[in-house]
Each structure stands twice: as C-alpha cells, then as structure tokens.
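S.K.: So here's model-v3.cif, just mmCIF, C-alpha atoms:
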data_data
loop_
_atom_site.label_atom_id
_atom_site.label_comp_id
_atom_site.auth_asym_id
_atom_site.auth_seq_id
_atom_site.Cartn_x
_atom_site.Cartn_y
_atom_site.Cartn_z
CA MET A 499 -9.52 -7.45 -8.27
CA LYS A 500 -5.98 -6.08 -8.33
CA ARG A 501 -3.95 -8.67 -10.20
CA PHE A 502 -0.35 -9.41 -9.27
CA LYS A 503 1.80 -12.35 -8.39
CA ILE A 504 4.39 -12.55 -5.64
CA LEU A 505 7.75 -13.17 -7.28
CA GLY A 506 9.71 -13.49 -4.06
CA THR A 507 9.72 -12.69 -0.36
CA GLY A 508 12.49 -12.05 2.14
CA MET A 509 13.13 -11.13 5.74
CA ALA A 510 15.84 -9.83 8.05
CA VAL A 511 16.09 -9.76 11.83
CA PRO A 512 18.90 -8.66 14.14
CA GLN A 513 21.18 -11.38 15.48
CA ARG A 514 20.61 -10.56 19.15
CA ILE A 515 17.72 -12.35 20.84
CA MET A 516 16.20 -11.01 24.06
CA THR A 517 14.11 -13.51 26.02
CA ASN A 518 11.53 -12.79 28.68
CA PHE A 519 14.12 -13.86 31.23
CA ASP A 520 16.41 -11.10 29.94
CA ILE A 521 13.64 -8.51 30.23
CA ALA A 522 12.91 -9.67 33.79
CA LYS A 523 16.36 -8.33 34.69
CA LEU A 524 15.28 -4.84 33.56
CA VAL A 525 11.69 -4.51 34.81
CA ASP A 526 9.41 -6.20 37.33
CA THR A 527 8.10 -9.06 35.21
CA SER A 528 8.61 -12.76 34.54
CA ASP A 529 8.57 -15.20 31.66
CA GLU A 530 5.28 -16.60 32.97
CA TRP A 531 3.65 -13.14 33.20
CA VAL A 532 4.67 -12.11 29.68
CA THR A 533 3.84 -15.46 28.08
CA GLU A 534 0.41 -15.67 29.68
CA ARG A 535 -0.61 -12.17 28.62
CA THR A 536 1.03 -11.92 25.18
CA GLY A 537 2.23 -15.31 23.97
CA ILE A 538 5.66 -13.77 23.40
CA LYS A 539 8.74 -15.72 24.49
CA GLN A 540 11.51 -13.74 22.80
CA ARG A 541 12.21 -10.93 20.33
CA HIS A 542 15.14 -9.77 18.17
CA ILE A 543 16.83 -6.51 19.17
CA ALA A 544 18.93 -4.29 16.91
CA ASP A 545 22.40 -3.05 17.83
CA ALA A 546 23.45 0.61 17.75
CA GLU A 547 24.43 0.50 14.06
CA THR A 548 21.24 -1.14 12.80
CA SER A 549 18.29 0.95 11.63
CA SER A 550 14.95 0.25 9.99
CA ALA A 551 16.51 0.95 6.59
CA THR A 552 19.37 -1.46 7.32
CA LEU A 553 16.94 -4.30 7.96
CA GLY A 554 14.58 -3.21 5.19
CA ALA A 555 17.38 -3.22 2.62
CA ARG A 556 18.45 -6.72 3.65
CA ALA A 557 14.90 -8.03 3.45
CA LEU A 558 14.27 -6.43 0.05
CA ALA A 559 17.57 -7.72 -1.34
CA ASN A 560 16.61 -11.19 -0.09
CA ALA A 561 13.20 -10.94 -1.77
CA CYS A 562 14.73 -9.79 -5.07
CA GLU A 563 17.25 -12.63 -4.98
CA ARG A 564 14.45 -15.14 -4.53
CA ALA A 565 12.58 -13.44 -7.37
CA GLY A 566 15.62 -13.87 -9.60
CA MET A 567 16.15 -10.16 -10.21
CA GLN A 568 18.41 -7.26 -9.29
CA THR A 569 17.20 -4.62 -6.84
CA ALA A 570 18.10 -1.97 -9.43
CA ASN A 571 15.39 -3.37 -11.71
CA LEU A 572 12.55 -2.57 -9.32
CA ASP A 573 10.10 0.00 -10.65
CA ALA A 574 9.22 1.35 -7.19
CA ILE A 575 9.84 0.80 -3.48
CA VAL A 576 6.96 1.26 -1.03
CA VAL A 577 7.96 1.10 2.63
CA ALA A 578 5.77 0.73 5.71
CA THR A 579 7.36 1.75 9.00
CA SER A 580 6.50 3.25 12.39
CA SER A 581 10.16 3.73 13.28
CA PRO A 582 11.67 5.63 10.34
CA ASP A 583 15.38 6.30 10.13
CA THR A 584 14.64 10.04 9.96
CA LEU A 585 11.60 12.31 9.75
CA PHE A 586 12.89 13.10 6.27
CA PRO A 587 13.95 11.83 3.87
CA SER A 588 11.84 8.69 3.76
CA THR A 589 13.13 5.34 4.94
CA GLY A 590 12.49 4.21 1.35
CA CYS A 591 15.21 6.61 0.19
CA TRP A 592 17.56 5.35 2.92
CA ILE A 593 16.89 1.81 1.70
CA GLN A 594 17.87 2.90 -1.80
CA ASN A 595 21.05 4.34 -0.33
CA GLU A 596 21.78 1.09 1.53
CA LEU A 597 21.32 -0.91 -1.67
CA GLY A 598 23.25 1.51 -3.87
CA ILE A 599 20.38 1.96 -6.32
CA ARG A 600 18.56 5.00 -7.64
CA GLY A 601 15.95 6.21 -10.10
CA MET A 602 12.75 4.42 -9.11
CA PRO A 603 10.28 6.20 -6.79
CA ALA A 604 10.77 5.30 -3.11
CA PHE A 605 8.49 6.48 -0.33
CA ASP A 606 6.99 5.57 3.03
CA VAL A 607 3.48 4.73 4.18
CA ALA A 608 2.84 5.66 7.82
CA ALA A 609 -0.05 3.58 9.12
CA GLY A 610 1.51 1.91 12.14
CA CYS A 611 1.06 -1.84 12.40
CA SER A 612 -1.44 -1.71 9.52
CA GLY A 613 1.32 -0.28 7.38
CA PHE A 614 2.23 -3.31 5.29
CA LEU A 615 -1.36 -3.91 4.20
CA TYR A 616 -1.67 -0.20 3.39
CA ALA A 617 1.59 -0.36 1.42
CA LEU A 618 0.47 -3.49 -0.42
CA GLU A 619 -2.78 -1.79 -1.41
CA VAL A 620 -0.88 1.29 -2.67
CA ALA A 621 1.58 -0.86 -4.63
CA ALA A 622 -1.22 -2.95 -6.13
CA CYS A 623 -3.01 0.20 -7.26
CA MET A 624 0.23 1.43 -8.85
CA LEU A 625 0.47 -1.81 -10.83
CA VAL A 626 -3.15 -1.50 -11.97
CA ALA A 627 -2.50 2.10 -13.03
CA GLY A 628 0.53 1.01 -15.02
CA SER A 629 3.03 2.85 -12.81
CA GLY A 630 5.57 0.07 -13.12
CA LYS A 631 5.62 -3.68 -13.47
CA ARG A 632 7.63 -4.87 -10.44
CA ILE A 633 7.38 -3.22 -7.03
CA GLY A 634 9.15 -3.96 -3.77
CA VAL A 635 6.88 -3.69 -0.73
CA VAL A 636 8.71 -3.53 2.59
CA GLY A 637 7.70 -3.50 6.25
CA CYS A 638 10.63 -2.63 8.51
CA GLU A 639 10.89 -1.64 12.17
CA VAL A 640 13.41 -1.03 14.93
CA MET A 641 10.89 -0.56 17.71
CA SER A 642 13.48 -1.24 20.42
CA LYS A 643 14.88 2.27 19.91
CA VAL A 644 11.55 3.99 20.60
CA VAL A 645 10.47 1.85 23.55
CA ASP A 646 10.83 2.87 27.21
CA TRP A 647 12.78 -0.01 28.73
CA THR A 648 11.52 0.92 32.19
CA ASP A 649 7.86 0.52 31.20
CA ARG A 650 6.91 -3.15 31.39
CA SER A 651 3.53 -2.53 29.76
CA THR A 652 5.26 -1.74 26.44
CA CYS A 653 8.86 -2.98 26.48
CA VAL A 654 7.84 -6.65 26.68
CA LEU A 655 5.78 -6.37 23.50
CA PHE A 656 8.01 -5.13 20.73
CA GLY A 657 10.78 -6.54 18.57
CA ASP A 658 12.80 -5.53 15.52
CA GLY A 659 12.73 -6.93 11.99
CA ALA A 660 11.86 -6.44 8.34
CA GLY A 661 9.93 -8.35 5.71
CA ALA A 662 9.57 -7.69 2.00
CA ALA A 663 7.75 -8.92 -1.06
CA VAL A 664 8.34 -8.29 -4.75
CA ILE A 665 5.08 -8.20 -6.67
CA GLU A 666 4.59 -8.16 -10.43
CA SER A 667 1.53 -7.30 -12.50
CA CYS A 668 -0.02 -10.25 -14.31
CA GLU A 669 -3.13 -11.37 -16.17
CA GLN A 670 -3.99 -14.38 -13.99
CA ASP A 671 -6.70 -14.21 -11.35
CA VAL A 672 -4.24 -13.84 -8.48
CA GLY A 673 -3.50 -10.88 -6.22
CA LEU A 674 -5.79 -8.85 -4.00
CA LEU A 675 -9.36 -10.07 -4.30
CA SER A 676 -10.53 -7.31 -1.98
CA SER A 677 -9.45 -5.03 0.82
CA ASN A 678 -10.95 -2.88 3.52
CA TRP A 679 -8.92 -0.15 5.15
CA GLY A 680 -9.62 2.92 7.21
CA ALA A 681 -8.73 5.07 10.19
CA ASP A 682 -10.23 6.89 13.17
CA GLY A 683 -8.03 9.86 14.08
CA SER A 684 -10.00 10.51 17.26
CA LEU A 685 -8.15 7.50 18.71
CA ALA A 686 -4.67 8.84 17.90
CA PRO A 687 -3.79 9.47 21.58
CA ILE A 688 -4.28 5.84 22.66
CA LEU A 689 -1.05 4.71 20.98
CA TYR A 690 1.54 7.21 19.88
CA LEU A 691 5.00 8.71 20.21
CA PRO A 692 4.33 12.22 21.56
CA ALA A 693 7.44 14.25 20.73
CA GLY A 694 9.88 14.75 17.90
CA GLY A 695 7.49 16.14 15.28
CA THR A 696 6.09 19.61 14.71
CA ARG A 697 3.33 19.16 17.29
CA THR A 698 5.87 18.77 20.10
CA PRO A 699 9.40 19.52 18.84
CA ALA A 700 12.36 17.91 20.58
CA THR A 701 13.73 19.78 23.58
CA GLU A 702 15.83 18.85 26.56
CA GLN A 703 12.63 18.65 28.59
CA THR A 704 10.81 16.32 26.17
CA VAL A 705 13.75 13.94 26.38
CA LYS A 706 13.75 14.08 30.20
CA ASP A 707 10.00 13.44 30.22
CA GLY A 708 10.33 10.35 28.01
CA LEU A 709 8.12 11.81 25.29
CA HIS A 710 10.20 10.26 22.51
CA MET A 711 9.12 6.78 23.55
CA VAL A 712 5.98 4.77 22.75
CA GLN A 713 3.01 5.56 24.99
CA MET A 714 0.00 3.27 24.97
CA LYS A 715 -3.32 2.83 26.75
CA GLY A 716 -3.24 -0.95 26.62
CA ASN A 717 -6.81 -1.87 27.57
CA THR A 718 -8.28 0.70 25.19
CA VAL A 719 -6.02 -0.45 22.36
CA PHE A 720 -7.01 -4.09 22.94
CA ARG A 721 -10.71 -3.34 22.78
CA HIS A 722 -10.53 -1.29 19.59
CA ALA A 723 -7.95 -3.60 17.97
CA VAL A 724 -10.11 -6.71 18.16
CA ARG A 725 -13.16 -4.84 16.91
CA ALA A 726 -11.33 -3.14 14.03
CA MET A 727 -9.44 -6.23 12.82
CA THR A 728 -12.56 -8.38 12.88
CA ALA A 729 -14.75 -5.84 11.11
CA ALA A 730 -12.14 -5.16 8.40
CA SER A 731 -11.62 -8.87 7.78
CA LYS A 732 -15.34 -9.59 7.54
CA ALA A 733 -15.82 -6.65 5.18
CA ALA A 734 -12.96 -7.79 2.94
CA LEU A 735 -14.29 -11.36 2.80
CA ALA A 736 -17.80 -10.14 2.02
CA SER A 737 -16.47 -7.88 -0.74
CA ALA A 738 -14.76 -10.92 -2.28
CA ASN A 739 -17.99 -12.95 -1.93
CA LEU A 740 -16.21 -15.35 0.42
CA THR A 741 -16.80 -16.68 3.91
CA ALA A 742 -14.47 -17.93 6.63
CA ALA A 743 -14.91 -21.45 5.21
CA ASP A 744 -13.09 -20.31 2.05
CA VAL A 745 -10.01 -19.13 3.95
CA ASP A 746 -6.97 -21.39 3.65
CA LEU A 747 -4.75 -19.23 5.83
CA LEU A 748 -5.31 -16.39 8.30
CA ILE A 749 -2.42 -14.00 8.90
CA PRO A 750 -3.32 -11.47 11.59
CA HIS A 751 -1.00 -8.73 12.76
CA GLN A 752 1.17 -10.33 15.42
CA ALA A 753 0.41 -7.86 18.22
CA ASN A 754 -0.10 -10.42 20.95
CA MET A 755 -1.75 -13.82 21.11
CA ARG A 756 -4.83 -12.61 23.00
CA ILE A 757 -5.72 -10.14 20.25
CA MET A 758 -4.95 -12.66 17.51
CA GLU A 759 -7.04 -15.37 19.15
CA ALA A 760 -9.97 -13.03 19.76
CA CYS A 761 -9.93 -12.03 16.09
CA ARG A 762 -9.65 -15.63 14.89
CA GLN A 763 -12.55 -16.78 17.05
CA ARG A 764 -14.81 -13.95 15.92
CA LEU A 765 -14.00 -14.77 12.30
CA ASP A 766 -14.67 -18.46 12.99
CA VAL A 767 -11.44 -19.61 11.33
CA PRO A 768 -10.00 -22.91 12.66
CA VAL A 769 -6.94 -22.48 14.86
CA GLU A 770 -4.79 -24.66 12.59
CA LYS A 771 -5.30 -22.18 9.75
CA MET A 772 -3.86 -19.19 11.65
CA ILE A 773 -0.20 -18.26 11.25
CA SER A 774 1.46 -17.31 14.52
CA ILE A 775 5.07 -16.16 14.84
CA VAL A 776 4.54 -13.80 17.78
CA ASP A 777 6.23 -16.16 20.26
CA ARG A 778 9.57 -15.86 18.44
CA TYR A 779 9.52 -12.24 17.27
CA GLY A 780 7.10 -10.22 19.37
CA ASN A 781 5.23 -7.28 17.85
CA MET A 782 7.34 -5.96 14.96
CA SER A 783 4.65 -3.48 13.93
CA ALA A 784 4.58 -3.16 10.11
CA ALA A 785 7.08 -6.01 9.72
CA THR A 786 4.97 -8.76 11.27
CA ILE A 787 2.72 -9.59 8.32
CA PRO A 788 5.43 -9.68 5.62
CA ILE A 789 7.65 -11.86 7.82
CA ALA A 790 4.69 -14.15 8.50
CA ILE A 791 4.02 -14.33 4.74
CA HIS A 792 7.67 -15.19 4.08
CA GLU A 793 7.72 -17.93 6.71
CA ALA A 794 4.40 -19.34 5.48
CA ARG A 795 5.73 -19.53 1.91
CA GLU A 796 8.96 -21.12 3.06
CA ALA A 797 7.02 -23.72 5.04
CA GLY A 798 4.81 -24.56 2.06
CA ARG A 799 1.68 -23.17 3.68
CA MET A 800 0.89 -20.73 0.84
CA PRO A 801 0.84 -22.86 -2.33
CA ASP A 802 -0.57 -21.52 -5.58
CA GLY A 803 -4.32 -21.10 -5.39
CA SER A 804 -4.42 -20.35 -1.65
CA THR A 805 -6.91 -17.86 -0.25
CA VAL A 806 -5.19 -15.85 2.45
CA ALA A 807 -7.02 -13.48 4.80
CA MET A 808 -4.90 -10.78 6.45
CA ALA A 809 -5.88 -8.34 9.17
CA ALA A 810 -4.15 -5.56 11.08
CA PHE A 811 -4.69 -2.54 13.31
CA GLY A 812 -2.26 0.18 14.26
CA THR A 813 -1.59 3.61 15.65
CA GLY A 814 -3.94 6.20 14.22
CA LEU A 815 -6.08 4.21 14.89
CA THR A 816 -5.76 2.47 11.53
CA TRP A 817 -7.11 -0.88 10.39
CA ALA A 818 -6.91 -3.06 7.32
CA GLY A 819 -8.29 -6.35 6.09
CA ALA A 820 -7.26 -7.96 2.81
CA VAL A 821 -7.93 -11.17 0.92
CA LEU A 822 -5.06 -12.45 -1.18
CA ARG A 823 -5.24 -15.20 -3.82
CA THR A 824 -1.80 -16.70 -4.49
#
Can the structure from this file be put into structure tokens for me?

M.R.:
Amino acid sequence: MKRFKILGTGMAVPQRIMTNFDIAKLVDTSDEWVTERTGIKQRHIADAETSSATLGARALANACERAGMQTANLDAIVVATSSPDTLFPSTGCWIQNELGIRGMPAFDVAAGCSGFLYALEVAACMLVAGSGKRIGVVGCEVMSKVVDWTDRSTCVLFGDGAGAAVIESCEQDVGLLSSNWGADGSLAPILYLPAGGTRTPATEQTVKDGLHMVQMKGNTVFRHAVRAMTAASKAALASANLTAADVDLLIPHQANMRIMEACRQRLDVPVEKMISIVDRYGNMSAATIPIAIHEAREAGRMPDGSTVAMAAFGTGLTWAGAVLRT
C-alpha cells in the first residue's frame, strides 16, 4: 500500500462551451447522433491564449488553496498531458512559470488518457521513497488545438480542462491500495498524432496533410479500450483482495458513455456507483479522472473511508487500474 491522503483538489475549464448543435454547424452530425454514440452533450473549448499549462496552473492553485497551502510549498509537480505546451520544456515547468514558483522538480508523464493514473502512481512512489512530503498531481489538456474540426469521428469527442490533487504522505491506511498499469506499443498507430516529433518532423507538407491532428481508428480503439480497462481494474481489485462488491465509487476515464458502460457492466458495479461527467465535458484525456474526483469530493460522494476504483486507457496503447482508499 502506498499511503497518502488527498489534502485538496481543484479544476479549471475554459469559459466557452460548445454544444453538439454548435458542432453540427461545422461537420455533418447532429445532437442526436453524438449523444446516442458518445453520451456527450457539450464540451469546454479554450481560446487562443489558453494552453494546457494555463489550465493546469489554475487547477493546481485551486487544489493548493483548498489544501490550505501555498503552491510554492509543494515538493514536486507531476503533470499528465497529451497536449503539452511545447515538446520541451515540460508542461510542468510551464505551470511553474505560470504560478511564479521555482525549485521543486516539475515534469510530465506522457501516457495519454491513462496519464493521471500513471502520474498518481509516480507521485505516490515518490512519497514512499521520501522524495518530498506534498506533491501536486495534475492532468491538463487542450485537445481542441490538436483536433481536426473537419473530422466528425474525432472532433465531437474531445474537450479542454484540467484537474489537480495535492497529496501528502501519512501513516494512516489511506492512499493507493493497489494499481495495475501497462502498455502495448504495437497498438501505437491506432490513436496518435503523427507529425511534429522526430519521427515525422514538421514541414509545410505535414501541415497540409493534417498530420498534426489526432488520428484514430475508432472501432479498434473501442475494442481494446474496454478490454484493457476491465482487465486492469479486475487486476487492481484482486491485488487489493477486494471484489466489485467492495467498491463504493467507480471512476472510469470519461472517453464516451459506451466504453464506460461496457467497463462498468463487465466489472459488475451498480450503475449508481459510477461517476459520469462525460455529458458536460467530453473526453478531456488525462484531465477527466482528476476532474471527476474533484466533482465527486465536492458532491460528498467520496467521504473518508471510501473505496474508489479508477480505470483508464490511452494512446500507446496504455492502460491503468487503481484502487484508492480515502
């Protein structure tokens, strides 16, 4: 068990809301079509001046305020993002810059939509190793700037936002009871952003060809996502010597309602125990789980002593399952 307590959580989303009716003005779709296939009704979209670090800094500041501490007193910042401000430096360093703080280590974890659970595992291990006492864990995304707004198979899915949690080492039996995480790099081509790195550097032609936008094989992703999330969740529960009956709350990655429901049913968790925010925010990649955690805490659905199962999949293909005791 990796012991820590959550001191505070926070979130930030852009002010602009784009509904399915708004998207129907851009591509051949409808509110009915999107809702039926994804469960999404709207998403928040960043303006030209807003980046992943902008939202991440706001969310982390919010979490620190609720924890009753200054951001400068964090011992580390671990950031999960699929839409970094720059290839380098890390978005974690840009968040430091946004907050006007320095000194503590700040770095990114690139695991797609599984990123926050990866980052939480890394941060928890740092606490166990004694590499600090209070760590800010952030999931932040501005997916709208890497989506092809002429491709209805992807543009209807994503939204922008950031969530954060401040965790502190402790002696109580709270924190991560278990986790299961992994990756299968042979599935990298089913969901990726082709150009902009060293494999395919940016050129005038790559821009014309739309290679700097998300490309996804939807049916293949769906099939592997359900399988990976379910297997990781079952493995994490088994490692904690728990069953679905012990779960007080299920927080799956908010990819779309069909994937979430398939995972819930295979885990045999009652529908009333699953957190769903996908209708209001869409798929915010690494930001979905921390925002769901924040909203669950605010709504009183994660009281002390709760057993929370979390599951995610992402580009890579990565997956993660974790069991949290609050």

S.K.: Counting all atoms listed in the file, find residues at most 12 Å from (-10.8, -6.7, 8.3) (file frame) and give them as a PyMOL selection string.

M.R.: chain A and resi 612+615+676-680+723-737+742+748-751+761-762+764-765+807-811+816-821

S.K.: Applying 12 Å and all atoms listed in the file, which residues near Glu666 of chain A remain after dropping the ones on its own chain fewer than 2 positions away? List them as JSON, numbers by chain.

M.R.: {"A": [500, 501, 502, 503, 504, 505, 506, 562, 565, 567, 571, 572, 573, 574, 618, 621, 622, 623, 624, 625, 626, 628, 629, 630, 631, 632, 633, 634, 635, 663, 664, 668, 669, 670, 672, 673]}

S.K.: If I take atom CA of Pro512 of chain A and atom CA of Ile599 of chain A, how far is one from the other in Å, to one decimal?

M.R.: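 Atom-to-atom, atom CA of Pro512 of chain A to atom CA of Ile599 of chain A, that is 23.1 Å.
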
S.K.: Evaluate the PyMOL selection byres ((chain A and resi 514) around 9) against this structure - the residues, as a ChimeraX atom specification, please.

M.R.: /A:511-513,515-516,541-545

S.K.: Which protein, DNA or RNA residues have an atom at most 12 Å from (20.1, 2.0, -2.6), counting all atoms listed in the file? List them as JSON, numbers by chain.

M.R.: {"A": [551, 552, 554, 555, 556, 558, 559, 568, 569, 570, 571, 572, 574, 575, 589, 590, 591, 592, 593, 594, 595, 596, 597, 598, 599, 600, 601, 602, 603, 604]}

S.K.: Hey, what's within 8 Å of Arg756 of chain A if we count all atoms listed in the file and toss same-chain stuff fewer than 4 positions away? As a VMD selection string, please?

M.R.: chain A and resid 535 to 537 760
